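Here the structure is laid out as C-alpha cells; the discussion comes afterwards.
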Amino acid sequence: VYNSSNASRDLNIIDFGAPSSPVLIGSVEVASAANIPLNLFVTDTAAYVATLLDGLLIFDVTDPSSPSFTAVYDNRFLRDVFVSNNTAYLTDTSNTVIVDVSTDTPLFLGTIDTTGARVEVVGTTAYIAGGGIKMLDVSTPSSPVLLGAFNPPGGAAMDVAVSGNYAYLVGSRTTMQVMDISDPSSPKPVYVLQSVDARAVQVVGSTLYMIYRYGLVVYDATTPYLRQLGFFSARNVLSLHVVGTTAYIGMHSDGLQLLDVSKPSAITVVGTYSLWRITSVFVSGTTVYATSTLKGLQLIDVKTPSSPTLIGGLLSFRSAAAVTVRGTTAYVADLPGLYVVDVSTLSAPTVVGLFKGSASAKDVKVVGDTAVVSSGSGLQLVDVSNPSTPTLIDEHSSTSPYKGIAVVGNRAYVAEVGMSVIEVWNGTLAPPTEAP
C-alpha cells in the first residue's frame with residue numbers, strides 16, 4: 001500500500017502481507033511544511049504524487065524499501081493524477097494537462113480547459129469529475145477534445161513579457177496566461193498554467209523564465225503551450241533578469257544569486273551577494289543594478305561571477321520598486337515618482353532628476369528619450385531627454401494599479417487586473433485595449 005499524508009508530507013510504503021500486522025517498509029519526504037500532497041498514482045516502478053504547490057513529483061519505487069525522487073513537472077494547484085502507458089493526466093483548478101512521463105524529463109503534450117478534482121482514463125477517454133463529469137477524447141494527447149459533459153461546474157497580474165505574437169502574463173492567482181496578441185485590439189487567452197504567487201517573467205529567444213515564491217522555472221516557449229525544461233528551488237524570489245546563459249535572481253532574504261542556466265535541467269549557482277529585499281534586478285555589461293527596499297539602489301560588479309562585489313550605492317529612495325539602465329543613466333521607479341540617476345561614475349551614483357507625476361511607481365522602461373512608467377494611478381510617458389527636468393508627455397489614468405510593463409514597437413503591454421495594450425508613440429497615449 002502506498003500512502004501520501006497531509007500531516008507528515010511523506011510517501012509511505014506499507015506491507016499488508018499480514019493484514020493484521022501492517023509494516024512500514026519505506027518512506028520518503030514528498031513536500032515541505034508549506035506544501036500539501038493531494039493525490040497519488042502508483043505503477044510497478046513509480047509513484048506519482050500530485051501536490052498543491054510543487055507540481056507533480058515522481059519517485060522511483062522499484063525498491064520499495066528505498067524510494068527515491070526522480071523528476072518533477074511544474075504545474076501548481078494540482079488536484080489529481082492518473083497514469084496510463086507512460087502518459088500522466090493531471091487536473092488542476094482550470095485545466096486537464098497531459099504529460100509524457102516516459103523519461104526523467106516530463107514533457108508537456110497537451111491541455112484542455114476544464115475544471116475538475118479527479119481524473120480517470122479508460123482507453124482513450126478521460127473522465128474529469130468536479131461538480132459534474134466531463135469526458136475527453138485523449139487519443140491524440142496534444143489535442144484533447146471535449147466529448148460531452150453532465151452538470152458541469154459552473155487576480156491581479158504582476159508582470160508581462162512579449163515575444164512574437166504572444167504575451168505572457170503572470171500574477172498571484174495564475175502562474176502564466178499566454179495571450180495571443182496577433183490582433184492587438186482583441187487579445188485572446190491561449191493557455192493558462194496554474195501556480196502560486198508568480199512574480200516576474202522574461203523571454204529570451206525561445207526560452208521563457210518565470211520566478212515565483214519558491215524558485216525559478218524554465219520553459220520551452222517554441223509554442224504557446226509551455227513545456228517545462230528545468231527548475232531551481234529558492235526561497236521567496238522577487239526579481240529576475242536573464243542575460244545570455246546567466247539568470248540573476250533577487251530574493252527577500254537570500255540576496256542576489258547568479259545562476260548558470262545553460263542547461264535548464266541542471267541549473268547551478270555560480271555566485272551570490274548578500275542583500276535583503278531585492279525588488280528589481282537589471283544587468284548592464286558586468287554591473288548589476290539592484291533595487292532594495294532597505295538599501296535603495298546598489299551597483300554590484302559581477303565581472304568575476306563567483307565573487308560579486310559592491311561598487312557603489314544610493315539610499316535616496318523610499319521603496320525602489322524597479323530599475324532600468326540606458327547608457328550612463330539609471331531610472332528608478334519609487335514611491336515619490338521616477339528618479340533619474342547619473343551612473344557615469346559607478347562608485348558614486350547621483351540623483352539628477354525627479355518626476356513626481358508617477359506616484360507609487362511600479363515599473364519603468366525607457367525607449368530613446370521617453371520613459372514609460374506604470375504607477376498606482378495609471379501609465380505615464382515622460383520625456384527624459386534632459387535628465388535634470390523630466391517632463392510629462394501624456395498619461396492614461398486607471399482605477400486599478402498598473403504594474404509590470406513590456407514595450408514592443410509602438411505598444412506598451414501593461415500588467416494590471418489582466419492586461420492592457422496601449423498605443424504609446426505619436427506623442428499621445430491611445431485608449432487601452434483591455435484583455436481579461
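Ligands are numbered from 1 in the order shown, residues from 1 within each chain, and chains are lettered A, B, ... in the order they appear in the C-alpha cells.
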Practice problem: Would you list the contacts of range 39-42 of chain A as an MDAnalysis selection string, taking every protein, DNA or RNA residue within 7 Å and counting only C-alpha atoms, but skipping same-chain residues closer than 6 positions in sequence? | Solution: chainID A and resid 4 48:50 79:83
Per-residue nearest contacts of range 263-295 of chain A to range 244-248 of chain A (9 Å; only C-alpha atoms) as JSON lines:
{"residue": "A:Lys263", "atom": "CA", "partner": "A:Thr245", "partner_atom": "CA", "distance": 8.6}
{"residue": "A:Val270", "atom": "CA", "partner": "A:Thr246", "partner_atom": "CA", "distance": 8.9}
{"residue": "A:Val281", "atom": "CA", "partner": "A:Tyr248", "partner_atom": "CA", "distance": 7.2}
{"residue": "A:Phe282", "atom": "CA", "partner": "A:Tyr248", "partner_atom": "CA", "distance": 8.4}
{"residue": "A:Val283", "atom": "CA", "partner": "A:Tyr248", "partner_atom": "CA", "distance": 8.2}
{"residue": "A:Val288", "atom": "CA", "partner": "A:Tyr248", "partner_atom": "CA", "distance": 8.6}
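When only C-alpha atoms are used to compute distances to Lys356 in chain A, the closest of the residues A:Met179, A:Ala333, A:Ile278, A:Val341 turns out to be A:Ala333.
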Practice problem: Using DSSP on the backbone, list every residue of range 309-339 of chain A that comes out as strand (DSSP E), and give them as a list in words. | Solution: Thr309, Leu310, Ile311, Gly312, Gly313, Leu314, Ala322, Val323, Thr324, Val325, Arg326, Thr329, Ala330, Tyr331, Val332, Ala333, Leu338 and Tyr339 of chain A
Output of the above residues as a compact mmCIF listing (two decimals), in the first residue's frame, restricted to all heavy atoms:
# COMPACT_ATOMS: atom_id res chain seq x y z
N THR A 309 31.01 41.91 -6.09
CA THR A 309 31.46 42.89 -5.09
C THR A 309 30.72 44.21 -5.29
O THR A 309 30.39 44.60 -6.40
CB THR A 309 32.98 43.15 -5.22
OG1 THR A 309 33.28 43.57 -6.56
CG2 THR A 309 33.77 41.89 -4.90
N LEU A 310 30.50 44.92 -4.19
CA LEU A 310 29.80 46.19 -4.24
C LEU A 310 30.71 47.28 -4.82
O LEU A 310 31.85 47.42 -4.42
CB LEU A 310 29.35 46.59 -2.83
CG LEU A 310 28.61 47.92 -2.71
CD1 LEU A 310 27.28 47.85 -3.43
CD2 LEU A 310 28.42 48.29 -1.24
N ILE A 311 30.14 48.02 -5.78
CA ILE A 311 30.88 49.16 -6.35
C ILE A 311 30.42 50.45 -5.69
O ILE A 311 31.23 51.28 -5.27
CB ILE A 311 30.64 49.27 -7.87
CG1 ILE A 311 30.96 47.96 -8.58
CG2 ILE A 311 31.44 50.42 -8.46
CD1 ILE A 311 30.57 47.96 -10.04
N GLY A 312 29.11 50.65 -5.63
CA GLY A 312 28.57 51.88 -5.05
C GLY A 312 27.09 51.71 -4.78
O GLY A 312 26.47 50.71 -5.15
N GLY A 313 26.50 52.69 -4.13
CA GLY A 313 25.08 52.62 -3.81
C GLY A 313 24.50 53.98 -3.53
O GLY A 313 25.22 54.98 -3.40
N LEU A 314 23.17 54.02 -3.45
CA LEU A 314 22.45 55.26 -3.24
C LEU A 314 21.21 54.93 -2.42
O LEU A 314 20.39 54.11 -2.81
CB LEU A 314 22.06 55.88 -4.59
CG LEU A 314 21.52 57.29 -4.62
CD1 LEU A 314 22.54 58.28 -4.06
CD2 LEU A 314 21.15 57.68 -6.05
N ALA A 322 11.65 49.35 -8.96
CA ALA A 322 12.21 48.82 -10.21
C ALA A 322 13.29 49.74 -10.73
O ALA A 322 13.32 50.94 -10.41
CB ALA A 322 11.11 48.66 -11.27
N VAL A 323 14.20 49.18 -11.54
CA VAL A 323 15.28 49.97 -12.13
C VAL A 323 15.53 49.49 -13.56
O VAL A 323 15.42 48.29 -13.86
CB VAL A 323 16.58 49.86 -11.30
CG1 VAL A 323 17.06 48.42 -11.20
CG2 VAL A 323 17.68 50.76 -11.88
N THR A 324 15.83 50.43 -14.44
CA THR A 324 16.31 50.11 -15.77
C THR A 324 17.44 51.08 -16.10
O THR A 324 17.51 52.18 -15.53
CB THR A 324 15.19 50.19 -16.83
OG1 THR A 324 15.64 49.62 -18.06
CG2 THR A 324 14.78 51.63 -17.09
N VAL A 325 18.34 50.68 -16.98
CA VAL A 325 19.54 51.47 -17.26
C VAL A 325 19.70 51.66 -18.76
O VAL A 325 19.53 50.71 -19.54
CB VAL A 325 20.80 50.79 -16.67
CG1 VAL A 325 22.06 51.61 -16.99
CG2 VAL A 325 20.66 50.59 -15.16
N ARG A 326 20.03 52.88 -19.15
CA ARG A 326 20.38 53.19 -20.53
C ARG A 326 21.66 54.02 -20.52
O ARG A 326 21.68 55.12 -19.99
CB ARG A 326 19.25 53.96 -21.23
CG ARG A 326 18.03 53.13 -21.55
CD ARG A 326 18.33 52.09 -22.63
NE ARG A 326 17.15 51.29 -22.95
CZ ARG A 326 16.81 50.17 -22.33
NH1 ARG A 326 17.56 49.74 -21.32
NH2 ARG A 326 15.75 49.50 -22.69
N THR A 329 22.86 56.30 -17.47
CA THR A 329 21.73 56.80 -16.68
C THR A 329 20.87 55.64 -16.20
O THR A 329 20.52 54.76 -16.98
CB THR A 329 20.87 57.79 -17.49
OG1 THR A 329 21.70 58.84 -17.99
CG2 THR A 329 19.77 58.39 -16.62
N ALA A 330 20.54 55.65 -14.93
CA ALA A 330 19.62 54.66 -14.36
C ALA A 330 18.31 55.36 -14.03
O ALA A 330 18.30 56.53 -13.60
CB ALA A 330 20.22 54.03 -13.10
N TYR A 331 17.20 54.65 -14.24
CA TYR A 331 15.87 55.18 -13.95
C TYR A 331 15.23 54.28 -12.89
O TYR A 331 15.09 53.08 -13.10
CB TYR A 331 15.02 55.19 -15.22
CG TYR A 331 15.67 55.99 -16.35
CD1 TYR A 331 16.60 55.41 -17.20
CD2 TYR A 331 15.35 57.34 -16.54
CE1 TYR A 331 17.21 56.14 -18.21
CE2 TYR A 331 15.96 58.08 -17.55
CZ TYR A 331 16.88 57.47 -18.38
OH TYR A 331 17.48 58.20 -19.38
N VAL A 332 14.86 54.89 -11.77
CA VAL A 332 14.35 54.12 -10.64
C VAL A 332 12.90 54.50 -10.37
O VAL A 332 12.58 55.68 -10.16
CB VAL A 332 15.20 54.37 -9.37
CG1 VAL A 332 14.63 53.57 -8.19
CG2 VAL A 332 16.65 53.98 -9.62
N ALA A 333 12.01 53.49 -10.39
CA ALA A 333 10.61 53.69 -10.04
C ALA A 333 10.49 53.61 -8.52
O ALA A 333 10.84 52.60 -7.91
CB ALA A 333 9.74 52.62 -10.70
N LEU A 338 9.45 58.95 -10.50
CA LEU A 338 10.56 58.42 -11.28
C LEU A 338 11.83 59.22 -10.99
O LEU A 338 11.88 60.43 -11.23
CB LEU A 338 10.24 58.50 -12.77
CG LEU A 338 11.36 58.09 -13.72
CD1 LEU A 338 11.64 56.59 -13.61
CD2 LEU A 338 11.03 58.47 -15.17
N TYR A 339 12.85 58.54 -10.49
CA TYR A 339 14.15 59.17 -10.26
C TYR A 339 15.06 58.92 -11.46
O TYR A 339 15.09 57.82 -12.02
CB TYR A 339 14.82 58.59 -9.02
CG TYR A 339 14.30 59.14 -7.71
CD1 TYR A 339 13.28 58.50 -7.02
CD2 TYR A 339 14.87 60.29 -7.15
CE1 TYR A 339 12.82 59.00 -5.81
CE2 TYR A 339 14.42 60.79 -5.93
CZ TYR A 339 13.39 60.15 -5.28
OH TYR A 339 12.93 60.64 -4.07
